[in-house]
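input-v5.csv, holding CSV, C-alpha atoms:
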```csv
chain,number,residue,atom,x,y,z
G,15,MET,CA,123.1,78.8,119.8
G,16,MET,CA,124.9,80.0,116.7
G,17,HIS,CA,124.3,76.6,115.2
G,18,ALA,CA,120.5,76.9,115.6
G,19,TRP,CA,120.6,80.3,114.2
G,20,LEU,CA,122.4,79.2,111.0
G,21,LYS,CA,120.0,76.2,110.8
G,22,ASN,CA,117.1,78.6,110.8
G,23,LEU,CA,118.8,80.7,108.1
G,24,ALA,CA,119.7,77.8,105.9
G,25,LYS,CA,116.2,76.1,106.2
G,26,GLY,CA,114.5,78.7,104.0
G,27,ILE,CA,117.1,78.7,101.3
G,28,ILE,CA,116.9,75.1,100.2
G,29,ARG,CA,115.0,72.6,102.4
G,30,ALA,CA,111.9,74.8,103.0
G,31,ASN,CA,112.3,77.0,100.0
G,32,PRO,CA,109.1,79.1,99.7
G,33,THR,CA,108.9,78.9,95.9
G,34,PHE,CA,110.2,75.4,95.0
G,35,ILE,CA,109.3,73.4,98.1
G,36,LEU,CA,106.4,75.1,99.8
G,37,LEU,CA,105.0,76.6,96.6
G,38,LEU,CA,104.0,79.8,98.4
G,39,GLY,CA,103.6,83.3,97.0
G,40,LEU,CA,103.6,82.0,93.5
G,41,CYS,CA,101.4,84.8,92.1
G,42,PRO,CA,104.1,87.6,92.2
G,43,THR,CA,106.7,85.0,91.3
G,44,LEU,CA,104.9,84.1,88.1
G,45,ALA,CA,103.9,87.6,87.3
G,46,VAL,CA,107.1,89.7,87.6
G,47,SER,CA,109.7,87.1,86.7
G,48,THR,CA,110.2,88.4,83.2
G,49,SER,CA,113.5,90.2,83.8
G,50,LEU,CA,116.4,90.2,86.2
G,51,ASP,CA,115.7,93.8,87.1
G,52,ASN,CA,112.3,92.8,88.3
G,53,ALA,CA,113.7,89.8,90.2
G,54,VAL,CA,116.1,92.0,92.1
G,55,GLY,CA,113.5,94.6,92.8
G,56,MET,CA,110.9,92.2,94.0
G,57,THR,CA,113.5,90.3,96.1
G,58,GLY,CA,114.6,93.5,97.8
G,59,ALA,CA,111.0,94.5,98.5
G,60,VAL,CA,110.0,91.0,99.9
G,61,LEU,CA,113.2,90.7,101.9
G,62,PHE,CA,112.7,94.1,103.6
G,63,VAL,CA,109.0,93.5,104.4
G,64,LEU,CA,109.7,89.9,105.6
G,65,PHE,CA,112.6,91.0,107.8
G,66,ALA,CA,110.8,94.0,109.3
G,67,ALA,CA,107.5,92.0,109.8
G,68,ASN,CA,109.3,89.1,111.4
G,69,LEU,CA,111.3,91.4,113.7
G,70,ILE,CA,108.2,93.4,114.8
G,71,VAL,CA,106.0,90.4,115.3
G,72,SER,CA,108.7,88.6,117.2
G,73,LEU,CA,109.3,91.6,119.5
G,74,LEU,CA,105.5,91.9,120.2
G,75,ARG,CA,104.9,88.1,120.3
G,76,ASN,CA,104.2,88.1,124.1
G,77,ILE,CA,101.7,91.0,124.0
G,78,ILE,CA,99.8,90.5,120.8
G,79,PRO,CA,96.4,89.1,122.0
G,80,GLU,CA,95.6,85.7,120.5
G,81,ARG,CA,92.2,86.7,119.1
G,82,VAL,CA,93.5,89.7,117.1
G,83,ARG,CA,96.8,88.3,116.0
G,84,ILE,CA,96.0,87.9,112.3
G,85,PRO,CA,94.6,91.4,111.9
G,86,THR,CA,97.6,92.7,113.8
G,87,PHE,CA,100.0,90.9,111.4
G,88,ILE,CA,98.1,92.3,108.4
G,89,VAL,CA,98.2,95.9,109.7
G,90,ILE,CA,102.0,95.6,110.3
G,91,ILE,CA,102.6,94.0,106.9
G,92,ALA,CA,100.4,96.5,105.0
G,93,THR,CA,102.1,99.4,106.7
G,94,LEU,CA,105.6,98.1,105.7
G,95,VAL,CA,104.5,97.4,102.2
G,96,THR,CA,103.0,100.9,101.8
G,97,ILE,CA,106.3,102.4,103.0
G,98,VAL,CA,108.2,100.3,100.4
G,99,ASP,CA,105.7,101.3,97.7
G,100,LEU,CA,106.0,105.1,98.5
G,101,VAL,CA,109.8,104.9,98.7
G,102,LEU,CA,110.1,103.1,95.4
G,103,GLN,CA,107.8,105.5,93.7
G,104,GLY,CA,109.8,108.4,95.0
G,105,PHE,CA,113.3,107.1,94.6
G,106,SER,CA,113.1,104.5,91.8
G,107,PRO,CA,110.1,105.4,89.6
G,108,ALA,CA,111.2,103.1,86.7
G,109,LEU,CA,111.4,100.0,89.0
G,110,SER,CA,108.2,101.0,90.7
G,111,LYS,CA,106.5,101.2,87.3
G,112,SER,CA,107.8,97.8,86.2
G,113,LEU,CA,106.8,96.0,89.4
G,114,GLY,CA,103.5,97.9,89.4
G,115,ILE,CA,100.6,96.2,91.2
G,116,TYR,CA,102.8,93.5,92.6
G,117,ILE,CA,104.4,95.7,95.3
G,118,PRO,CA,101.0,96.5,96.9
G,119,LEU,CA,100.1,92.8,96.5
G,120,ILE,CA,103.0,91.8,98.8
G,121,VAL,CA,100.5,92.5,101.6
G,122,VAL,CA,98.6,89.4,100.7
G,123,ASN,CA,101.7,87.4,99.8
G,124,CYS,CA,101.3,84.3,101.9
G,125,ILE,CA,105.1,83.9,102.4
G,126,ILE,CA,105.1,86.9,104.7
G,127,LEU,CA,101.9,86.3,106.6
G,128,GLY,CA,102.9,82.6,106.8
G,129,ARG,CA,106.3,83.3,108.5
G,130,ALA,CA,104.7,85.8,110.9
G,131,GLU,CA,102.1,83.2,112.0
G,132,ALA,CA,104.2,80.0,111.8
G,133,PHE,CA,107.5,81.3,113.0
G,134,ALA,CA,108.0,84.9,114.3
G,135,SER,CA,105.0,84.8,116.7
G,136,LYS,CA,106.5,81.8,118.5
G,137,ASN,CA,110.3,82.3,118.3
G,138,SER,CA,113.0,84.7,119.6
G,139,VAL,CA,114.0,87.8,117.7
G,140,ALA,CA,117.3,86.4,116.6
G,141,ASN,CA,115.8,83.2,115.2
G,142,SER,CA,113.0,85.2,113.5
G,143,ILE,CA,115.6,87.3,111.8
G,144,ALA,CA,117.4,84.2,110.6
G,145,ASP,CA,114.2,82.8,109.4
G,146,ALA,CA,113.3,86.0,107.5
G,147,LEU,CA,116.7,86.2,105.8
G,148,GLY,CA,116.6,82.5,104.9
G,149,VAL,CA,113.1,82.6,103.4
G,150,GLY,CA,113.8,85.9,101.7
G,151,LEU,CA,117.0,84.6,100.1
G,152,GLY,CA,115.2,81.4,99.2
G,153,PHE,CA,112.5,83.4,97.4
G,154,GLY,CA,115.3,85.6,95.9
G,155,TRP,CA,117.3,82.9,94.2
G,156,ALA,CA,114.1,81.1,93.0
G,157,ILE,CA,112.7,84.2,91.3
G,158,PHE,CA,116.2,85.1,89.9
G,159,LEU,CA,116.5,81.7,88.3
G,160,ILE,CA,113.0,81.8,86.8
G,161,SER,CA,113.6,85.4,85.5
G,162,LEU,CA,117.0,84.4,84.0
G,163,ILE,CA,115.5,81.6,82.0
G,164,ARG,CA,112.4,83.6,80.9
G,165,GLN,CA,114.4,86.7,79.9
G,166,VAL,CA,117.0,84.7,77.9
G,167,LEU,CA,114.4,82.6,76.1
G,168,GLY,CA,111.8,85.4,75.8
G,169,THR,CA,114.0,88.2,74.5
G,170,GLY,CA,117.1,86.3,73.2
G,171,ALA,CA,119.4,88.5,75.2
G,172,LEU,CA,120.3,89.2,78.8
G,173,GLU,CA,120.7,92.6,80.5
G,174,ILE,CA,120.5,93.8,84.0
G,175,PHE,CA,119.9,97.4,85.1
G,176,GLY,CA,120.9,98.6,81.6
G,177,ILE,CA,124.1,96.6,81.5
G,178,HIS,CA,124.1,94.4,78.4
G,179,LEU,CA,125.5,90.9,79.1
G,180,PHE,CA,124.9,88.9,75.9
G,181,THR,CA,122.7,88.5,72.9
G,182,ILE,CA,122.1,85.1,71.3
G,183,PRO,CA,122.9,85.7,67.6
G,184,GLY,CA,120.0,84.8,65.2
G,185,PHE,CA,117.6,84.1,68.1
G,186,SER,CA,117.1,87.6,69.4
G,187,ALA,CA,115.3,88.8,66.3
G,188,THR,CA,112.5,86.2,66.8
G,189,PRO,CA,112.8,85.0,70.4
G,190,ALA,CA,110.3,82.6,72.0
G,191,ALA,CA,108.0,85.4,73.2
G,192,ILE,CA,105.7,82.8,74.9
G,193,PHE,CA,108.2,82.8,77.8
G,194,MET,CA,107.4,86.5,78.5
G,195,LEU,CA,103.7,85.5,78.8
G,196,PRO,CA,102.0,84.1,82.0
G,197,MET,CA,102.0,80.6,80.4
G,198,GLY,CA,105.7,80.8,79.9
G,199,ALA,CA,106.0,81.3,83.7
G,200,PHE,CA,104.0,78.2,84.4
G,201,LEU,CA,106.1,76.2,81.9
G,202,VAL,CA,109.4,77.3,83.4
G,203,ILE,CA,108.4,76.8,87.0
G,204,GLY,CA,106.8,73.4,86.2
G,205,LEU,CA,109.9,72.2,84.4
G,206,LEU,CA,112.2,73.5,87.2
G,207,LEU,CA,110.1,71.6,89.8
G,208,ALA,CA,110.4,68.4,87.7
G,209,LEU,CA,114.1,68.9,87.3
G,210,PHE,CA,114.7,69.5,91.0
G,211,ARG,CA,112.7,66.4,91.8
G,212,TRP,CA,114.6,64.3,89.3
G,213,LEU,CA,117.9,65.5,90.7
G,214,GLY,CA,116.6,64.6,94.2
G,215,VAL,CA,116.7,68.2,95.6
G,216,ILE,CA,113.0,67.9,96.3
G,217,GLU,CA,112.1,64.6,98.0
G,218,GLY,CA,109.1,62.7,96.7
G,219,ASP,CA,106.3,61.5,99.0
X,9,MET,CA,93.2,96.1,134.4
X,10,GLY,CA,94.1,92.4,134.1
X,11,LYS,CA,96.1,92.7,130.9
X,12,LYS,CA,95.3,89.6,128.9
X,13,GLY,CA,92.1,88.8,130.8
X,14,SER,CA,90.4,92.1,129.9
X,15,GLU,CA,87.6,91.9,127.3
X,16,PHE,CA,88.8,95.2,125.8
X,17,PHE,CA,92.5,94.6,125.6
X,18,PRO,CA,92.4,93.2,122.0
X,19,VAL,CA,90.4,96.2,120.9
X,20,ILE,CA,92.7,98.7,122.5
X,21,PHE,CA,95.7,96.8,121.3
X,22,LEU,CA,94.6,96.7,117.7
X,23,THR,CA,93.5,100.4,117.8
X,24,LEU,CA,97.0,101.3,119.1
X,25,VAL,CA,98.7,99.2,116.3
X,26,VAL,CA,96.6,101.0,113.7
X,27,LEU,CA,97.4,104.4,115.2
X,28,ILE,CA,101.1,103.7,115.1
X,29,SER,CA,100.7,102.6,111.5
X,30,VAL,CA,98.9,105.8,110.6
X,31,VAL,CA,101.8,107.9,112.1
X,32,ALA,CA,104.4,105.8,110.3
X,33,LEU,CA,102.6,106.2,106.9
X,34,THR,CA,101.9,109.9,107.4
X,35,PHE,CA,105.6,110.4,108.1
X,36,THR,CA,106.7,108.3,105.0
X,37,ASP,CA,104.2,110.2,102.8
X,38,SER,CA,105.5,113.6,104.0
X,39,ILE,CA,109.1,112.7,103.0
X,40,THR,CA,108.2,111.0,99.7
X,41,ARG,CA,105.3,113.1,98.4
X,42,GLU,CA,107.5,115.8,96.9
X,43,ARG,CA,109.8,113.3,95.2
X,44,ILE,CA,107.0,111.3,93.7
X,45,GLY,CA,105.5,114.5,92.2
X,46,ALA,CA,108.9,115.5,90.9
X,47,ALA,CA,109.5,112.1,89.4
X,48,GLU,CA,106.2,112.2,87.6
X,49,GLU,CA,106.8,115.7,86.2
X,50,GLU,CA,110.3,114.7,85.2
X,51,GLU,CA,108.9,111.8,83.2
X,52,ILE,CA,106.4,114.0,81.4
X,53,ARG,CA,109.2,116.6,80.7
X,54,GLU,CA,111.4,113.9,79.2
X,55,MET,CA,108.6,112.6,77.0
X,56,LEU,CA,107.5,116.0,75.8
X,57,GLY,CA,111.2,116.7,75.0
X,58,GLU,CA,111.2,113.6,72.8
X,59,ILE,CA,108.2,114.9,70.8
X,60,PHE,CA,109.3,118.5,70.8
X,61,GLN,CA,113.0,118.7,70.4
X,62,ALA,CA,112.9,122.6,70.5
X,63,MET,CA,111.1,122.7,73.8
X,64,ASN,CA,112.4,124.9,76.6
X,65,SER,CA,109.5,124.7,79.0
X,66,PHE,CA,105.9,123.7,79.3
X,67,THR,CA,102.8,124.7,81.2
X,68,TYR,CA,99.9,122.5,82.1
X,69,ASN,CA,96.2,123.5,82.0
X,70,GLU,CA,94.6,121.1,84.4
X,71,GLU,CA,91.0,121.9,83.4
X,72,GLU,CA,91.5,121.2,79.7
X,73,GLY,CA,94.1,118.5,80.3
X,74,LEU,CA,96.4,120.3,77.9
X,75,TYR,CA,100.1,120.9,78.0
X,76,SER,CA,101.3,124.0,76.1
X,77,VAL,CA,104.8,123.5,74.9
X,78,LEU,CA,107.0,126.7,74.8
X,79,LYS,CA,110.1,127.7,73.1
X,80,GLY,CA,111.1,130.9,74.8
X,81,ASN,CA,107.8,132.7,75.1
X,82,GLU,CA,106.3,131.3,72.0
X,83,THR,CA,103.9,128.3,72.0
X,84,ILE,CA,105.2,125.7,69.5
X,85,GLY,CA,102.6,123.1,70.2
X,86,TYR,CA,100.3,121.3,72.5
X,87,ALA,CA,100.3,117.8,74.1
X,88,PHE,CA,97.7,115.8,75.9
X,89,ARG,CA,97.1,112.4,77.4
X,90,ALA,CA,94.9,110.0,75.4
X,91,THR,CA,93.5,107.0,77.2
X,92,GLY,CA,91.8,104.0,75.6
X,93,LYS,CA,91.4,100.2,75.7
X,94,GLY,CA,94.0,98.0,74.0
X,95,TYR,CA,94.0,94.2,73.7
X,96,GLY,CA,95.4,93.5,77.1
X,97,GLY,CA,94.0,96.5,79.1
X,98,ASP,CA,94.1,100.2,79.4
X,99,MET,CA,96.7,102.3,77.5
X,100,SER,CA,97.7,105.8,78.0
X,101,ILE,CA,99.4,107.8,75.2
X,102,LEU,CA,101.0,111.2,75.2
X,103,VAL,CA,100.2,112.9,72.0
X,104,GLY,CA,102.0,116.0,70.7
X,105,ILE,CA,100.5,118.4,68.1
X,106,GLY,CA,102.1,121.3,66.4
X,107,ASP,CA,100.5,124.7,65.8
X,108,ASN,CA,99.1,123.5,62.5
X,109,PHE,CA,97.2,120.8,64.5
X,110,ALA,CA,99.1,117.9,62.8
X,111,VAL,CA,100.7,115.2,65.1
X,112,THR,CA,104.3,115.9,65.9
X,113,GLY,CA,104.8,112.6,67.8
X,114,ILE,CA,103.3,110.1,70.2
X,115,GLU,CA,104.8,108.4,73.3
X,116,LEU,CA,103.3,105.4,75.1
X,117,LEU,CA,102.9,106.3,78.8
X,118,SER,CA,101.6,102.9,79.8
X,119,HIS,CA,100.0,99.9,78.2
X,120,GLN,CA,99.4,96.2,78.9
X,121,GLU,CA,99.7,94.7,75.5
X,122,THR,CA,101.2,91.2,74.9
X,123,PRO,CA,105.0,91.2,75.1
X,124,GLY,CA,106.5,90.4,71.7
X,125,LEU,CA,103.3,91.1,69.7
X,126,GLY,CA,101.1,94.0,70.7
X,127,ALA,CA,103.9,95.5,72.9
X,128,LYS,CA,105.6,96.4,69.6
X,129,ILE,CA,103.5,99.6,69.7
X,130,VAL,CA,106.2,101.1,71.8
X,131,GLU,CA,108.7,100.7,69.0
X,132,PRO,CA,109.8,103.9,67.1
X,133,SER,CA,109.1,102.3,63.7
X,134,PHE,CA,105.4,102.1,64.6
X,135,GLN,CA,105.2,105.4,66.5
X,136,GLU,CA,107.0,107.4,63.8
X,137,GLN,CA,104.2,106.7,61.4
X,138,PHE,CA,102.1,109.2,63.3
X,139,VAL,CA,104.4,112.1,62.7
X,140,GLY,CA,102.9,114.8,60.5
X,141,LEU,CA,99.5,113.2,60.2
X,142,THR,CA,96.3,115.2,60.4
X,143,VAL,CA,93.3,113.9,62.2
X,144,ASP,CA,91.7,112.5,59.0
X,145,GLU,CA,94.8,110.5,58.1
X,146,ILE,CA,95.0,108.8,61.5
X,147,ALA,CA,93.6,105.4,60.6
X,148,LEU,CA,95.0,102.0,59.7
X,149,SER,CA,96.0,101.8,56.0
X,150,GLN,CA,93.5,99.0,55.5
X,151,ASN,CA,90.9,101.5,56.5
X,152,GLY,CA,92.2,104.2,54.2
X,153,GLY,CA,94.5,105.9,56.7
X,154,LYS,CA,98.3,106.2,56.8
X,155,VAL,CA,99.3,103.9,59.6
X,156,ASP,CA,100.4,100.4,58.9
X,157,ALA,CA,99.3,97.9,61.5
X,158,ILE,CA,101.9,95.7,63.2
X,159,THR,CA,101.8,92.2,61.9
X,160,GLY,CA,100.0,89.9,64.3
X,161,ALA,CA,98.9,92.9,66.4
X,162,THR,CA,96.0,94.5,64.5
X,163,ILE,CA,93.9,95.0,67.6
X,164,SER,CA,96.7,96.7,69.5
X,165,SER,CA,97.6,98.9,66.5
X,166,SER,CA,94.0,99.9,65.9
X,167,ALA,CA,93.6,100.6,69.6
X,168,VAL,CA,96.5,103.1,69.4
X,169,VAL,CA,95.0,104.7,66.3
X,170,ASP,CA,91.5,105.0,67.8
X,171,THR,CA,92.8,106.3,71.1
X,172,VAL,CA,95.0,109.0,69.4
X,173,ARG,CA,92.3,110.0,67.0
X,174,GLY,CA,89.5,110.1,69.5
X,175,ALA,CA,91.4,112.3,71.9
X,176,LEU,CA,92.7,114.5,69.1
X,177,LEU,CA,89.2,115.2,67.8
X,178,GLU,CA,88.1,116.2,71.3
X,179,LYS,CA,91.1,118.5,71.9
X,180,LEU,CA,90.8,120.0,68.4
X,181,SER,CA,87.3,121.3,69.1
X,182,LEU,CA,88.6,122.7,72.3
X,183,LEU,CA,91.6,124.4,70.7
X,184,LYS,CA,89.8,125.8,67.6
X,185,GLU,CA,87.0,127.1,69.8
X,186,GLY,CA,89.4,128.9,72.0
X,187,GLY,CA,91.0,130.4,68.9
```
As structure tokens:
Amino acid sequence: MMHAWLKNLAKGIIRANPTFILLLGLCPTLAVSTSLDNAVGMTGAVLFVLFAANLIVSLLRNIIPERVRIPTFIVIIATLVTIVDLVLQGFSPALSKSLGIYIPLIVVNCIILGRAEAFASKNSVANSIADALGVGLGFGWAIFLISLIRQVLGTGALEIFGIHLFTIPGFSATPAAIFMLPMGAFLVIGLLLALFRWLGVIEGD
Amino acid sequence: MGKKGSEFFPVIFLTLVVLISVVALTFTDSITRERIGAAEEEEIREMLGEIFQAMNSFTYNEEEGLYSVLKGNETIGYAFRATGKGYGGDMSILVGIGDNFAVTGIELLSHQETPGLGAKIVEPSFQEQFVGLTVDEIALSQNGGKVDAITGATISSSAVVDTVRGALLEKLSLLKEGG
């Protein structure tokens, strides 16, 4: 029992990683992965929505009518996202401003709808929670890694929530600003995918 | 009332889900609304404070879109939001003017310029050029004004200049008319 639960948790982190293996929800990943602050904020928002959506869908899985299940999932997810959006605006305006449109867009993030449809609507509450945590953490470390690379190369320095970690001497004056642009995001994620495949973390066909 | 067999059960179910959602959102809105308003006002206050160091308080005239900046009971200047189009999208700038109608400072409220190039419009070295300029002097130096464009970001620079000048012209006619 515990073993199955842990397996469901671990699955999303590496083997079925939403970003690097399933390539789901790339739009927010590419757009906001410009700083570690954004990565942490986005992970928190996605983790909360994923957790709550999986929990609610799993609880209701036996009474949601088959024909209206997708609209039901979307209403549940949209409600949760709006709550996150309002709370962020009220309690962390700076983070809310920097994540901008990508918080409301979690509604259409296919990771969340995907887990509701593919997992939570067919599995027990405990397993759905494990699944949400695993997938959420999998998304989290992926966006954190991409943000780390883009922030260091794009600004020549690293800081998180105002705490300055390091500056690369000589590079920070004229950093590779391309990494802060959308094309930099594509470059980084593409090179990471190639690296993981080369290392054998991602299996080829 | 066969539950799953009923034609209407999906309709009733979805309606119920939406109703619960409405209740949850109304509740969230009621506890966050005040804080969101306060956070926005705090942001404006902070930015006005940057432009007018002597400010104690300010009032806002919604109809004219004009902030009156007060030191004690005396009006030391005005501020307003200027909006315009930049290279990457809309930009919104808070412009402060003194009682002689010259610019006392500008603060970028939001913009979507290219990071590393156009986004340099938020840097003090660019914004400080506006301090003390009258409306006729607000133009890029290549066009006879007193603002040097940022290298590699002429469009973003001229967008800021145009936005500030356009809004200033509009407010000046309002202020001078009102005496």
| query | Counting only C-alpha atoms, which residues from chain X have an atom at most 12 Å from any atom of chain G, and could you show them as a ChimeraX atom specification? | reply | /X:11-51,96,117-128
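In this model, the gap between atom CA of X:Leu180 and atom CA of X:Ala161 comes to 28.4 Å.
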| field | X:Ile158 surroundings by all atoms listed in the file, 12 Å radius, close-in-sequence under 5 positions cut, as number ranges by chain | value | X: 124-131, 133-135, 137, 148-150, 163-169
| task | Calculate how many Å separate atom CA of X:Asp98 from atom CA of X:Asp170, rounding to one decimal. | result | 12.8 Å
| message | Report, in Å with one decimal, the straight-line distance from atom CA of X:Tyr86 to atom CA of X:Met99. | response |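 Pair atom CA of X:Tyr86 / atom CA of X:Met99 returns 20.0 Å.
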| field | Pick from X:Ala175, X:Ala87, X:Met55, X:Val139, whichever lies nearest to X:Tyr68 using only C-alpha atoms | value |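 Ranking X:Ala175, X:Ala87, X:Met55, X:Val139 by distance to X:Tyr68, first place goes to X:Ala87.
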| task | Measuring atom to atom with all atoms listed in the file, identify which of G:Ala146, G:Val54, G:Leu44, G:Leu113 is nearest to G:Gly128. | result | G:Ala146
| All residues 10 Å or closer to G:Lys25, all atoms listed in the file, same chain fewer than 2 positions away omitted, as a list in words | Leu20, Lys21, Asn22, Leu23, Ile27, Ile28, Arg29, Ala30, Asn31, Ala144, Asp145, Gly148, Val149 and Gly152 of chain G
| Contact residues around X:Leu74 with all atoms listed in the file at 12 Å, ignoring same-chain residues under 6 positions, as a ChimeraX atom specification | /X:66-68,85-90,102-105,175-176,178-180,182-183
